[in-house]
Amino acid sequence: MLSGLCPSKDHVVISDGEYMVSPAIHVLSEFDSEKTRDFVYDRLRDDSVLKQMNSLLDGFKITYAKISDGNLMNNVKI
């Protein structure tokens with residue numbers, strides 16, 4: 001799971017179960033393998049990827065900056 005609100009290393013986690021989450025949380029699932037999942041997890045926590053995500057935030061950057069699904073899926077290079 002990845003927080004869409006001001007993404008940071010602390011806001012990227014591998015879930016230990018199934019949960020109902022806020023629309024501000026992006027849930028990435030159905031990976032081919034744990035190796036692929038772990039690769040994506042490590043890359044999403046990388047400073048260069050976090051910098052990309054934070055540069056694509058929409059909304060009020062001071063109070064409610066969120067990366068959209070479209071920007072996350074189409075514009076963040078991992």
# chains A, B, ... in the order shown; residues from 1 in each chain; ligands from 1
$ select_by_dssp --residues "chain A" --states "strand (DSSP E or B)" --output "number ranges by chain"
A: 2-3, 5, 12, 25-26, 58-60, 64-66
$ residues_around --residues "range 28-30 of chain A" --least-positions-apart "2" --cutoff "12 Å" --atoms "only C-alpha atoms" --output "list in words"
Met1, Leu2, Ser3, Gly4, Val12, Val13, Ile14, Ser15, Gly17, Glu18, Ile25, His26, Asp32, Ser33, Glu34, Thr36, Arg37, Asp38, Val40, Tyr41, Leu44, Asp69, Leu72 and Met73 of chain A
$ select_by_dssp --residues "chain A" --states "helix (DSSP H, G or I)" --output "ChimeraX atom specification"
/A:9-11,34-44,47-55,69-75
$ write_last_selection --atoms "N, CA and C atoms" --output "mmCIF file, in the first residue's frame"
data_model
loop_
_atom_site.group_PDB
_atom_site.id
_atom_site.type_symbol
_atom_site.label_atom_id
_atom_site.label_comp_id
_atom_site.auth_asym_id
_atom_site.auth_seq_id
_atom_site.Cartn_x
_atom_site.Cartn_y
_atom_site.Cartn_z
ATOM 1 N N LYS A 9 8.944 7.456 2.594
ATOM 2 C CA LYS A 9 9.346 6.064 2.872
ATOM 3 C C LYS A 9 8.449 5.415 3.914
ATOM 4 N N ASP A 10 8.030 6.197 4.910
ATOM 5 C CA ASP A 10 7.182 5.662 5.977
ATOM 6 C C ASP A 10 5.768 5.353 5.514
ATOM 7 N N HIS A 11 5.398 5.852 4.325
ATOM 8 C CA HIS A 11 4.045 5.676 3.824
ATOM 9 C C HIS A 11 3.943 4.608 2.745
ATOM 10 N N GLU A 34 6.568 -12.833 -5.188
ATOM 11 C CA GLU A 34 7.031 -12.025 -4.055
ATOM 12 C C GLU A 34 8.284 -11.236 -4.439
ATOM 13 N N LYS A 35 9.096 -11.798 -5.309
ATOM 14 C CA LYS A 35 10.301 -11.106 -5.767
ATOM 15 C C LYS A 35 9.935 -9.801 -6.488
ATOM 16 N N THR A 36 8.931 -9.873 -7.355
ATOM 17 C CA THR A 36 8.464 -8.676 -8.061
ATOM 18 C C THR A 36 7.871 -7.680 -7.080
ATOM 19 N N ARG A 37 7.039 -8.159 -6.156
ATOM 20 C CA ARG A 37 6.442 -7.292 -5.132
ATOM 21 C C ARG A 37 7.518 -6.584 -4.329
ATOM 22 N N ASP A 38 8.539 -7.328 -3.906
ATOM 23 C CA ASP A 38 9.617 -6.742 -3.108
ATOM 24 C C ASP A 38 10.426 -5.730 -3.914
ATOM 25 N N PHE A 39 10.618 -5.988 -5.210
ATOM 26 C CA PHE A 39 11.326 -5.043 -6.071
ATOM 27 C C PHE A 39 10.557 -3.720 -6.150
ATOM 28 N N VAL A 40 9.242 -3.816 -6.399
ATOM 29 C CA VAL A 40 8.409 -2.607 -6.485
ATOM 30 C C VAL A 40 8.418 -1.869 -5.148
ATOM 31 N N TYR A 41 8.305 -2.596 -4.065
ATOM 32 C CA TYR A 41 8.345 -1.993 -2.719
ATOM 33 C C TYR A 41 9.646 -1.217 -2.512
ATOM 34 N N ASP A 42 10.767 -1.834 -2.817
ATOM 35 C CA ASP A 42 12.065 -1.169 -2.642
ATOM 36 C C ASP A 42 12.188 0.065 -3.524
ATOM 37 N N ARG A 43 11.729 -0.038 -4.771
ATOM 38 C CA ARG A 43 11.829 1.106 -5.687
ATOM 39 C C ARG A 43 10.926 2.254 -5.251
ATOM 40 N N LEU A 44 9.715 1.944 -4.767
ATOM 41 C CA LEU A 44 8.811 3.002 -4.321
ATOM 42 C C LEU A 44 9.362 3.751 -3.109
ATOM 43 N N ASP A 47 14.603 7.332 -2.927
ATOM 44 C CA ASP A 47 14.494 8.791 -2.911
ATOM 45 C C ASP A 47 14.147 9.378 -4.278
ATOM 46 N N SER A 48 14.723 8.831 -5.348
ATOM 47 C CA SER A 48 14.443 9.387 -6.678
ATOM 48 C C SER A 48 12.994 9.154 -7.093
ATOM 49 N N VAL A 49 12.438 8.003 -6.728
ATOM 50 C CA VAL A 49 11.040 7.713 -7.060
ATOM 51 C C VAL A 49 10.115 8.569 -6.199
ATOM 52 N N LEU A 50 10.439 8.715 -4.924
ATOM 53 C CA LEU A 50 9.628 9.570 -4.048
ATOM 54 C C LEU A 50 9.653 11.017 -4.537
ATOM 55 N N LYS A 51 10.788 11.457 -5.027
ATOM 56 C CA LYS A 51 10.894 12.812 -5.563
ATOM 57 C C LYS A 51 9.975 12.965 -6.781
ATOM 58 N N GLN A 52 9.945 11.950 -7.649
ATOM 59 C CA GLN A 52 9.040 11.972 -8.798
ATOM 60 C C GLN A 52 7.593 12.088 -8.341
ATOM 61 N N MET A 53 7.216 11.235 -7.381
ATOM 62 C CA MET A 53 5.831 11.228 -6.908
ATOM 63 C C MET A 53 5.458 12.573 -6.306
ATOM 64 N N ASN A 54 6.337 13.143 -5.503
ATOM 65 C CA ASN A 54 6.028 14.415 -4.862
ATOM 66 C C ASN A 54 5.963 15.555 -5.866
ATOM 67 N N SER A 55 6.662 15.442 -6.981
ATOM 68 C CA SER A 55 6.581 16.491 -8.003
ATOM 69 C C SER A 55 5.266 16.420 -8.777
ATOM 70 N N ASP A 69 -4.242 8.541 -9.183
ATOM 71 C CA ASP A 69 -4.011 7.196 -9.728
ATOM 72 C C ASP A 69 -3.338 7.290 -11.093
ATOM 73 N N GLY A 70 -3.818 8.209 -11.921
ATOM 74 C CA GLY A 70 -3.271 8.363 -13.262
ATOM 75 C C GLY A 70 -1.798 8.744 -13.254
ATOM 76 N N ASN A 71 -1.434 9.718 -12.407
ATOM 77 C CA ASN A 71 -0.029 10.109 -12.319
ATOM 78 C C ASN A 71 0.828 8.986 -11.765
ATOM 79 N N LEU A 72 0.315 8.260 -10.788
ATOM 80 C CA LEU A 72 1.082 7.158 -10.215
ATOM 81 C C LEU A 72 1.322 6.069 -11.252
ATOM 82 N N MET A 73 0.310 5.692 -11.985
ATOM 83 C CA MET A 73 0.423 4.589 -12.932
ATOM 84 C C MET A 73 1.116 4.971 -14.238
ATOM 85 N N ASN A 74 0.962 6.224 -14.670
ATOM 86 C CA ASN A 74 1.456 6.610 -15.994
ATOM 87 C C ASN A 74 2.722 7.432 -16.010
ATOM 88 N N ASN A 75 3.088 8.047 -14.888
ATOM 89 C CA ASN A 75 4.180 8.995 -14.912
ATOM 90 C C ASN A 75 5.333 8.699 -13.957
#
$ residues_around --residues "Leu57 in chain A" --least-positions-apart "2" --cutoff "8 Å" --atoms "only C-alpha atoms" --output "list in words"
Cys6, Met53, Asn54, Ser55, Gly59, Lys61, Ala65, Lys66, Ile67 and Ser68 of chain A
$ write_last_selection --atoms "N, CA and C atoms" --output "PDB file, in the first residue's frame"
ATOM      1  N   CYS A   6       1.231  13.098   0.215  1.00  0.00           N
ATOM      2  CA  CYS A   6       2.647  13.400   0.487  1.00  0.00           C
ATOM      3  C   CYS A   6       3.460  12.122   0.696  1.00  0.00           C
ATOM      4  N   MET A  53       7.216  11.235  -7.381  1.00  0.00           N
ATOM      5  CA  MET A  53       5.831  11.228  -6.908  1.00  0.00           C
ATOM      6  C   MET A  53       5.458  12.573  -6.306  1.00  0.00           C
ATOM      7  N   ASN A  54       6.337  13.143  -5.503  1.00  0.00           N
ATOM      8  CA  ASN A  54       6.028  14.415  -4.862  1.00  0.00           C
ATOM      9  C   ASN A  54       5.963  15.555  -5.866  1.00  0.00           C
ATOM     10  N   SER A  55       6.662  15.442  -6.981  1.00  0.00           N
ATOM     11  CA  SER A  55       6.581  16.491  -8.003  1.00  0.00           C
ATOM     12  C   SER A  55       5.266  16.420  -8.777  1.00  0.00           C
ATOM     13  N   GLY A  59      -3.667  19.140  -5.998  1.00  0.00           N
ATOM     14  CA  GLY A  59      -4.368  19.692  -4.849  1.00  0.00           C
ATOM     15  C   GLY A  59      -3.577  20.792  -4.181  1.00  0.00           C
ATOM     16  N   LYS A  61      -0.899  21.924  -2.027  1.00  0.00           N
ATOM     17  CA  LYS A  61       0.339  21.290  -1.593  1.00  0.00           C
ATOM     18  C   LYS A  61       0.638  21.495  -0.118  1.00  0.00           C
ATOM     19  N   ALA A  65      -2.121  17.557  -0.432  1.00  0.00           N
ATOM     20  CA  ALA A  65      -1.488  17.217  -1.700  1.00  0.00           C
ATOM     21  C   ALA A  65      -1.564  15.710  -1.890  1.00  0.00           C
ATOM     22  N   LYS A  66      -2.077  15.277  -3.037  1.00  0.00           N
ATOM     23  CA  LYS A  66      -2.273  13.849  -3.289  1.00  0.00           C
ATOM     24  C   LYS A  66      -1.823  13.518  -4.703  1.00  0.00           C
ATOM     25  N   ILE A  67      -1.161  12.391  -4.859  1.00  0.00           N
ATOM     26  CA  ILE A  67      -0.826  11.921  -6.204  1.00  0.00           C
ATOM     27  C   ILE A  67      -2.027  11.133  -6.726  1.00  0.00           C
ATOM     28  N   SER A  68      -2.442  11.435  -7.933  1.00  0.00           N
ATOM     29  CA  SER A  68      -3.601  10.770  -8.520  1.00  0.00           C
ATOM     30  C   SER A  68      -3.223   9.371  -9.007  1.00  0.00           C
TER      31      SER A  68
END
$ atom_distance --atom1 "CA of Ser22 in chain A" --atom2 "CA of Leu5 in chain A"
10.8 Å
$ decode --residues "range 51-70 of chain A" --atoms "N, CA and C atoms" --output "PDB file, in the first residue's frame"
ATOM      1  N   LYS A  51      10.788  11.457  -5.027  1.00  0.00           N
ATOM      2  CA  LYS A  51      10.894  12.812  -5.563  1.00  0.00           C
ATOM      3  C   LYS A  51       9.975  12.965  -6.781  1.00  0.00           C
ATOM      4  N   GLN A  52       9.945  11.950  -7.649  1.00  0.00           N
ATOM      5  CA  GLN A  52       9.040  11.972  -8.798  1.00  0.00           C
ATOM      6  C   GLN A  52       7.593  12.088  -8.341  1.00  0.00           C
ATOM      7  N   MET A  53       7.216  11.235  -7.381  1.00  0.00           N
ATOM      8  CA  MET A  53       5.831  11.228  -6.908  1.00  0.00           C
ATOM      9  C   MET A  53       5.458  12.573  -6.306  1.00  0.00           C
ATOM     10  N   ASN A  54       6.337  13.143  -5.503  1.00  0.00           N
ATOM     11  CA  ASN A  54       6.028  14.415  -4.862  1.00  0.00           C
ATOM     12  C   ASN A  54       5.963  15.555  -5.866  1.00  0.00           C
ATOM     13  N   SER A  55       6.662  15.442  -6.981  1.00  0.00           N
ATOM     14  CA  SER A  55       6.581  16.491  -8.003  1.00  0.00           C
ATOM     15  C   SER A  55       5.266  16.420  -8.777  1.00  0.00           C
ATOM     16  N   LEU A  56       4.545  15.310  -8.672  1.00  0.00           N
ATOM     17  CA  LEU A  56       3.290  15.115  -9.399  1.00  0.00           C
ATOM     18  C   LEU A  56       2.050  15.289  -8.528  1.00  0.00           C
ATOM     19  N   LEU A  57       2.218  15.812  -7.329  1.00  0.00           N
ATOM     20  CA  LEU A  57       1.087  15.967  -6.418  1.00  0.00           C
ATOM     21  C   LEU A  57       0.081  16.976  -6.960  1.00  0.00           C
ATOM     22  N   ASP A  58      -1.199  16.648  -6.799  1.00  0.00           N
ATOM     23  CA  ASP A  58      -2.296  17.540  -7.162  1.00  0.00           C
ATOM     24  C   ASP A  58      -2.913  18.093  -5.889  1.00  0.00           C
ATOM     25  N   GLY A  59      -3.667  19.140  -5.998  1.00  0.00           N
ATOM     26  CA  GLY A  59      -4.368  19.692  -4.849  1.00  0.00           C
ATOM     27  C   GLY A  59      -3.577  20.792  -4.181  1.00  0.00           C
ATOM     28  N   PHE A  60      -3.972  21.105  -2.972  1.00  0.00           N
ATOM     29  CA  PHE A  60      -3.303  22.150  -2.204  1.00  0.00           C
ATOM     30  C   PHE A  60      -2.076  21.560  -1.553  1.00  0.00           C
ATOM     31  N   LYS A  61      -0.899  21.924  -2.027  1.00  0.00           N
ATOM     32  CA  LYS A  61       0.339  21.290  -1.593  1.00  0.00           C
ATOM     33  C   LYS A  61       0.638  21.495  -0.118  1.00  0.00           C
ATOM     34  N   ILE A  62       0.022  22.482   0.502  1.00  0.00           N
ATOM     35  CA  ILE A  62       0.291  22.724   1.926  1.00  0.00           C
ATOM     36  C   ILE A  62      -0.586  21.843   2.802  1.00  0.00           C
ATOM     37  N   THR A  63      -1.860  21.683   2.424  1.00  0.00           N
ATOM     38  CA  THR A  63      -2.779  20.972   3.311  1.00  0.00           C
ATOM     39  C   THR A  63      -3.236  19.610   2.815  1.00  0.00           C
ATOM     40  N   TYR A  64      -3.381  19.441   1.504  1.00  0.00           N
ATOM     41  CA  TYR A  64      -3.935  18.187   0.996  1.00  0.00           C
ATOM     42  C   TYR A  64      -3.374  17.885  -0.383  1.00  0.00           C
ATOM     43  N   ALA A  65      -2.121  17.557  -0.432  1.00  0.00           N
ATOM     44  CA  ALA A  65      -1.488  17.217  -1.700  1.00  0.00           C
ATOM     45  C   ALA A  65      -1.564  15.710  -1.890  1.00  0.00           C
ATOM     46  N   LYS A  66      -2.077  15.277  -3.037  1.00  0.00           N
ATOM     47  CA  LYS A  66      -2.273  13.849  -3.289  1.00  0.00           C
ATOM     48  C   LYS A  66      -1.823  13.518  -4.703  1.00  0.00           C
ATOM     49  N   ILE A  67      -1.161  12.391  -4.859  1.00  0.00           N
ATOM     50  CA  ILE A  67      -0.826  11.921  -6.204  1.00  0.00           C
ATOM     51  C   ILE A  67      -2.027  11.133  -6.726  1.00  0.00           C
ATOM     52  N   SER A  68      -2.442  11.435  -7.933  1.00  0.00           N
ATOM     53  CA  SER A  68      -3.601  10.770  -8.520  1.00  0.00           C
ATOM     54  C   SER A  68      -3.223   9.371  -9.007  1.00  0.00           C
ATOM     55  N   ASP A  69      -4.242   8.541  -9.183  1.00  0.00           N
ATOM     56  CA  ASP A  69      -4.011   7.196  -9.728  1.00  0.00           C
ATOM     57  C   ASP A  69      -3.338   7.290 -11.093  1.00  0.00           C
ATOM     58  N   GLY A  70      -3.818   8.209 -11.921  1.00  0.00           N
ATOM     59  CA  GLY A  70      -3.271   8.363 -13.262  1.00  0.00           C
ATOM     60  C   GLY A  70      -1.798   8.744 -13.254  1.00  0.00           C
TER      61      GLY A  70
END
